[in-house]
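Engineer: Got a structure here, written out as structure tokens. Questions coming.
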Amino acid sequence: MSSEVVGTTITQARDLLRWRSPLRTELWASRLTTTWGQDEGEDFVEGLERTGRPESRLALAALAAVGAIPGREDPGVPDWALRMGRVSCEGAWYGKADPYGEQVLGALAFRYENGKEPHVLVVGIDQVHGGLAVDAVVEEPKFLDDLDLAPASPGTVAARVLEAFRRTDSVLGAEVAETLPAVRHLAIARARAVQASGAADRAVPADGGADRVVPADGAADEEMSGFVLPEVPGAREAFEALKEFLGDRPLWWSPDRAGRFLTSWLPREAILSDEAIAAMPEVLRAWTGDRPEILRRIDADAAGLPELMADESLAGLRKRLAQQER
């Protein structure tokens, strides 16, 4: 790592010492990690340590606060800088980023321990491509005013954010927004702070959104707990098959996904009684709500469902083995 890069970092840190803003400094440190080339992080940290300057100590403390490097027991920084990373979660929200839920947003609101610098972390999660974290921003709380999100358990949203980043990191060359890398370390640090604080056990705000709480474990089952089944024979059995298809991404529902479920997944994977097959279209309509384009797709594809379910050539291996065991 060149001395020029270390020198630039010290110059920027000098400005941050004047700003006295924990949030601004943490955001800077998270963004700073994107300038490291492969295997350069250790050299960069060593270069900062060798200077012994107050600006270097601030940079090291900030990098530790966002989890980019191990923490230092005695960072020797100003009192205001010691508040970095020491935040409390004041709420969480979760919901669709688009009409179909192909992307969802997880939001966590924070404030530092002295009550200042409230901010909100919003992470975009791509449901279509496996639940990857594809974008993240840190904004003022009023940013939530433009988002149609429901209150949720802070611990659950934090868990989903961490899982989304884990999935992104496991995919080589995952397509993400240009803004994501600069926020990545701070976003993960904030989500981990929620888990460490035990926020998962705190109640959701009582403002009418509690029926849409997203739990940390068994999320799909509990998200669906408020769903009212149609009163038709076979509805419960049909709904159990639907839940298996939805997995951990129940908010995502589009015309194409409805078509795949009816014409491909059910014939390949599901073993259903005649009553459940007959009930499935009505259960699916009730679940997907009132979006006309989705309902039209269900009506178009549901007519052929009994014939498809009876076609043994469409059954997958798991279904065939299960049928043999009956």
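Residues in the structure tokens are numbered from 1 in each chain, the chains being A, B, ... in the order shown, and ligands are numbered from 1 in the order shown.
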May I have the residues within 8 Å of Arg190 of chain A as number ranges by chain, using only C-alpha atoms and disregarding those fewer than 4 positions away in the same chain?
Structural biologist: A: 85, 186, 194
Engineer: Give me a file of those residues, with C-alpha atoms, as a PDB file, in the first residue's frame.
Structural biologist:
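For reference, result-v8.pdb as written:
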```pdb
ATOM      1  CA  GLY A  85     -20.769   1.467  16.664  1.00  0.00           C
ATOM      2  CA  LEU A 186     -21.446  -0.642   8.010  1.00  0.00           C
ATOM      3  CA  VAL A 194     -29.040  -5.634  16.593  1.00  0.00           C
TER       4      VAL A 194
END
```
Engineer: Counting only C-alpha atoms, which residues in segment 89-186 of chain A sit no more than 6 Å from segment 251-261 of chain A? For each one, give the nearest pair of atoms and the distance in Å, sorted by chain then residue number, as a tab-separated table.
Structural biologist:
```
residue	atom	partner	partner_atom	distance
A:Tyr100	CA	A:Ser254	CA	5.1
A:Gly101	CA	A:Trp252	CA	4.2
A:Glu102	CA	A:Trp252	CA	5.3
```
Engineer: List every residue of segment 6-139 of chain A that DSSP, applied to the backbone, labels as strand (DSSP E or B), and write the result as a PyMOL selection string.
Structural biologist: chain A and resi 87-96+103-112+119-126+132-139
Engineer: Could you name the residues that touch Glu42 of chain A at 12 Å or less, counting only C-alpha atoms, but leaving out those on the same chain fewer than 6 positions away, as a list in words?
Structural biologist: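 These residues fall inside the cut-off: Met1, Thr33, Trp36, Leu48, Glu49, Leu60, Leu63, Ala68, Ile69 and Pro70 of chain A.
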Engineer: For each of A:Pro99, A:Pro181, A:Gly37, A:Gly316, take the minimum atom-to-atom distance to Glu269 of chain A, counting only C-alpha atoms, then give the residue where this is smallest.
Structural biologist: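 Nearest to Glu269 of chain A: A:Gly316.
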Engineer: Skip Ala235 of chain A itself and residues of its chain fewer than 5 positions away, then list as a count of residues only all residues within 9 Å of it, counting only C-alpha atoms.
Structural biologist: 11
Engineer: What's the 9 Å shell around Leu147 of chain A, counting only C-alpha atoms, without same-chain residues fewer than 2 positions away, as a list in words?
Structural biologist: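 With the cut-off at 9 Å, the set is Gly95, Lys96, Ala97, Leu105, Phe143, Leu144, Asp145 and Leu149 of chain A.
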